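Quick notes on the structure that follows.
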Protein chains: 2
Amino acid sequence: MSFDRLIEKIVKMQNPTVVGLDPKLEYVPEYIRKKAIAKYGKSFKGAAKAILAYNKGIIDEIYDIVPAIKPQAAYYEMYGWEGVKCLAKTIAYAKEKGMYVITDGKRNDIGATMTAYTAAHLGFTDIEGDMLQAFGADALTVNGYLGTDGISPLLEVCRENDKGIFVLVKTSNPSSGELQDRLLDSGESVYAAMGAMCEKWGAEAMGKLGYSSVGAVVGATYPEQLEQMRKALPNTFFLVPGYGAQGGGAQGVAKAFDENGLGAIVNSSRAVMLAYKKEEQCDEHDYAKAARREVIRMKEDIVSYLPKISLE
Amino acid sequence: MSFDRLIEKIVKMQNPTVVGLDPKLEYVPEYIRKKAIAKYGKSFKGAAKAILAYNKGIIDEIYDIVPAIKPQAAYYEMYGWEGVKCLAKTIAYAKEKGMYVITDGKRNDIGATMTAYTAAHLGFTDIEGDMLQAFGADALTVNGYLGTDGISPLLEVCRENDKGIFVLVKTSNPSSGELQDRLLDSGESVYAAMGAMCEKWGAEAMGKLGYSSVGAVVGATYPEQLEQMRKALPNTFFLVPGYGAQGGGAQGVAKAFDENGLGAIVNSSRAVMLAYKKEEQCDEHDYAKAARREVIRMKEDIVSYLPKISLE
């Protein structure tokens, strides 16, 4: 249980980063798009086939050096159920290649419904007595606005099936402070209160490497809050979005980590997916190799600010 | 724009209720399940086919007396992409029958990603210049924890395409108060602050009938907060879950409405879907007729506590 499997991969690869696969059809190189559209027309099926080929190309080039991918559900739902099928196939392909998969769905609901989301994304669904796996990710991002009832069903599957969740604490977007930075009458902020809930929920699902199954999303764009949360939540593993395209720098991101260079994983999406458009004179056929170059650049940038990543 | 279309349907039918279609395979009568499983095996496809037939049966029996359905995304995702295809087909079928569709997805994310969710559930997706509709609901439930950035993309599509959103304010579950009832240093609760944000967001997207495109989810299980929010948020239309199975009564629910019997729509899911199991001696082939009977009972229960529903 917990994030032990992820932490072990990070140590082995000396790479605390995750690639966000948030594909839009227009990100896909023309040669892939044209082929799919020629075969399936300007349809969700055509788009989904193109995106799947594009995702697989990137996974093939990064799976040996990056521990995890984080597909963002919204970018698949945008292409209808065909897009959601592409999400399922992307997850399955990454897992075949040995990658850890974090589905970024920010799901949330009351207990009974959260049980259904848990089955969907991390667990199994009962079909007349057969237990089938729907999406089968290793971890899921969730929103804790509904409190403990909406988290408990996830904790059970985390314990039983070795899965993890990341609860939104302090998000990377400009307006995240409108609610999250408001102070409670206790003097703590809303995000700090949410962080404290993560630490409490996690106490029921601790791993062997110092972190529980209940992680937190804390944005790279707010390094002070990142540092504050790292100190306040010693057993909570962080997923850190906002590095790169959203403006978070490696020096700030370093505050998410503990003294062993652990405790966090940093996400980059667009900068990796669109690396081939940013490089000078990169042929679009080399989009996945450009993604690999960006992944290496990001990793070197981030680890240059960290102590050696180690389980000691 | 806004909820005017929904309000007009409510007035015409004199029925401020919505049926939640949150199907589990085990809710489906055996004769439908057996047929689908015989044809497609114990598979997500078999489950999705059975659920779609079940949903259509209910819609056929209620579309002339109930203004809206509210499918809960979790119960479809649980059956993988085949389940999500069933969601799309359920929405399309209900719309064909003239029903208003609220997708209960509680989606939330940063701006760029929320744009993708908006396209997915309420808008259109650009496929090489063709604009295609993915799920095409009329309204979507969302979580406002990320602030204005995560809401703005929705407001645009609400204005342009006559859609609505419901933001979680005070949810119906037992632990909703853990965060939502906490007091801010201003003395107001977190849910009241979220409610005030709804009213502010809605000011940019007002309808002609007194309510904006930005609604709020306020649970039937907390009638005091329902009354408080109705007074504080005069332009915010309410979606009220928690009636029936979760314990909210019609007398409490009445507090969600304004002096014209408008301003809210009350949801019931399990009590309708499983009415045939609760009635004495109901043949399972009559599950949809039992759903109709329960819908009528619920409507009569709720309107008995309201003034005559009217646009005056």
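Residues are referred to by chain and number: the chain letter is A, B, ... according to the order shown in the structure tokens, the number counts from 1 in that chain, and ligands are numbered separately from 1 in the order shown.
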
Can you list every residue of chain B that has an atom at most 7 Å from chain A, with its nearest atom pair and the distance in Å to one decimal, using only C-alpha atoms, ordered by chain then number, as CSV?
```
residue,atom,partner,partner_atom,distance
B:Lys42,CA,A:Ile127,CA,5.9
B:Ser43,CA,A:Ile127,CA,6.7
B:Ala47,CA,A:Ile127,CA,7.0
B:Ala74,CA,A:Tyr117,CA,5.0
B:Tyr75,CA,A:Ala116,CA,5.7
B:Glu77,CA,A:Ala120,CA,5.4
B:Met78,CA,A:Ala120,CA,3.9
B:Tyr79,CA,A:Ala134,CA,6.0
B:Gly80,CA,A:Ala134,CA,4.3
B:Trp81,CA,A:Lys85,CA,5.1
B:Val84,CA,A:Trp81,CA,5.7
B:Lys85,CA,A:Trp81,CA,5.1
B:Lys106,CA,A:Asn108,CA,6.5
B:Arg107,CA,A:Arg107,CA,6.9
B:Asn108,CA,A:Lys106,CA,6.5
B:Ile110,CA,A:Asn173,CA,5.8
B:Thr113,CA,A:Ala74,CA,6.4
B:Ala116,CA,A:Ala74,CA,5.5
B:Tyr117,CA,A:Ala74,CA,5.0
B:Ala119,CA,A:Met78,CA,5.8
B:Ala120,CA,A:Met78,CA,3.9
B:Thr125,CA,A:Met78,CA,6.4
B:Ile127,CA,A:Lys42,CA,5.9
B:Glu128,CA,A:Lys42,CA,6.6
B:Ala134,CA,A:Gly80,CA,4.4
B:Phe135,CA,A:Gly80,CA,6.3
B:Tyr145,CA,A:Leu179,CA,6.5
B:Leu146,CA,A:Ser176,CA,4.8
B:Gly147,CA,A:Ser175,CA,5.3
B:Thr148,CA,A:Ser175,CA,5.9
B:Asp149,CA,A:Ser175,CA,5.8
B:Thr171,CA,A:Leu146,CA,6.8
B:Asn173,CA,A:Ile110,CA,5.7
B:Ser175,CA,A:Gly147,CA,5.3
B:Ser176,CA,A:Leu146,CA,4.8
B:Glu178,CA,A:Gly147,CA,5.6
B:Leu179,CA,A:Gly147,CA,6.4
B:Arg182,CA,A:Leu184,CA,6.9
B:Leu183,CA,A:Leu184,CA,5.7
B:Leu184,CA,A:Leu184,CA,3.9
B:Asp185,CA,A:Asp185,CA,4.3
```

- Task: Extract, using only C-alpha atoms, all DNA, RNA and protein residues at most 10 Å from stretch 228-230 of chain A, discarding same-chain residues fewer than 5 positions from it, and format them as a PyMOL selection string.
- Result: chain A and resi 169-170+191-192+195-196+216+218+223+235-238+255-258+263-264

Output file for the selection above: C-alpha atoms, as a short mmCIF file (atom, residue, chain, number, x, y, z; two decimals), in the first residue's frame:
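Output (selection-v5.cif):
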```
data_model
loop_
_atom_site.label_atom_id
_atom_site.label_comp_id
_atom_site.auth_asym_id
_atom_site.auth_seq_id
_atom_site.Cartn_x
_atom_site.Cartn_y
_atom_site.Cartn_z
CA VAL A 169 -4.46 21.15 -1.05
CA LYS A 170 -2.94 24.27 -2.64
CA TYR A 191 -5.36 24.84 2.40
CA ALA A 192 -3.48 24.16 5.64
CA GLY A 195 -3.40 19.46 4.40
CA ALA A 196 -3.96 18.52 8.02
CA ALA A 216 -1.43 16.11 -1.59
CA VAL A 218 0.63 21.46 -3.92
CA PRO A 223 7.01 27.84 -3.26
CA ASN A 235 3.96 11.75 6.01
CA THR A 236 2.19 13.23 3.01
CA PHE A 237 3.70 12.65 -0.44
CA PHE A 238 3.32 15.64 -2.80
CA LYS A 255 11.06 22.94 -1.27
CA ALA A 256 8.59 20.10 -1.83
CA PHE A 257 11.26 17.50 -1.01
CA ASP A 258 12.60 16.05 2.22
CA GLY A 263 8.53 13.16 -0.68
CA ALA A 264 7.42 14.66 -3.97
#
```

- Message: Show me, as a PyMOL selection string, the residues that have an atom within 8 Å of stretch 269-285 of chain B when counting only C-alpha atoms, minus same-chain residues fewer than 4 positions from it.
- Response: chain B and resi 19-23+27+29-31+58+244-245+290-292+294-295

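Taking only C-alpha atoms, the non-local environment of A:Ser304 within 10 Å (same-chain residues fewer than 5 positions away omitted) comprises Ala250, Gln251, Ala254, Met298 and Lys299 of chain A.
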
- Task: Go through A:Ala203, A:Ile165, A:Val253, A:Leu52 and flag the residue nearest A:Gly219, using only C-alpha atoms for the distances.
- Result: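 For A:Gly219, the nearest of the given residues is A:Val253.
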
- Message: Can you pull out every residue from stretch 174-308 of chain A that DSSP, working from the backbone, puts in strand (DSSP E or B), and format the result as a PyMOL selection string?
- Response: chain A and resi 183-184+189+206+212+214-218+238-240+243+248+264-268

- Query: Quick one: distance from atom CA of B:Ile69 to atom CA of B:Glu312 in Å, one decimal?
  - Reply: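 So the two atoms, atom CA of B:Ile69 and atom CA of B:Glu312, lie 25.7 Å apart.
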
- Pick from A:Ala50, A:Val214, A:Val240, A:Ala94 nearest to A:Ala36, counting only C-alpha atoms: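 Result for the nearest residue to A:Ala36: A:Ala50.
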
- Using DSSP on the backbone coordinates, identify the residues of stretch 56-179 of chain A assigned to alpha helix (DSSP H); present them as JSON, numbers by chain. {"A": [56, 57, 58, 59, 60, 61, 62, 73, 74, 75, 76, 77, 80, 81, 82, 83, 84, 85, 86, 87, 88, 89, 90, 91, 92, 93, 94, 95, 96, 111, 112, 113, 114, 115, 116, 117, 118, 119, 120, 121, 152, 153, 154, 155, 156, 157, 158, 159, 160, 161, 177, 178, 179]}

- Task: Provide the atom CA of A:Gly164 to atom CA of A:Cys198 distance in Å, to one decimal place.
- Result: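 Between atom CA of A:Gly164 and atom CA of A:Cys198 the gap works out to 12.0 Å.
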
- Message: I'd like the neighbourhood of A:Arg5 as a PyMOL selection string, where a residue qualifies if any of its atoms comes within 10 Å (using only C-alpha atoms), though same-chain residues fewer than 6 positions away should be ignored.
- Response: chain A and resi 67+100+138+162-164+207+209

Write the selection just made, keeping C-alpha atoms, as a PDB file, in the first residue's frame?
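And here's selection-v6.pdb as it stands now:
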```pdb
ATOM      1  CA  PRO A  67       8.772   6.596 -13.291  1.00  0.00           C
ATOM      2  CA  TYR A 100       3.237   4.058 -12.504  1.00  0.00           C
ATOM      3  CA  ASP A 138      -2.175   3.266  -9.540  1.00  0.00           C
ATOM      4  CA  ASP A 162      -1.668  -0.981  -3.102  1.00  0.00           C
ATOM      5  CA  LYS A 163      -2.972   2.301  -4.520  1.00  0.00           C
ATOM      6  CA  GLY A 164      -2.631   5.998  -3.668  1.00  0.00           C
ATOM      7  CA  GLY A 207       3.648   2.799   3.914  1.00  0.00           C
ATOM      8  CA  LEU A 209       9.053   4.370   3.446  1.00  0.00           C
TER       9      LEU A 209
END
```

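Straight-line separation from atom CA of B:Ala205 to atom CA of B:Leu154: 10.5 Å.
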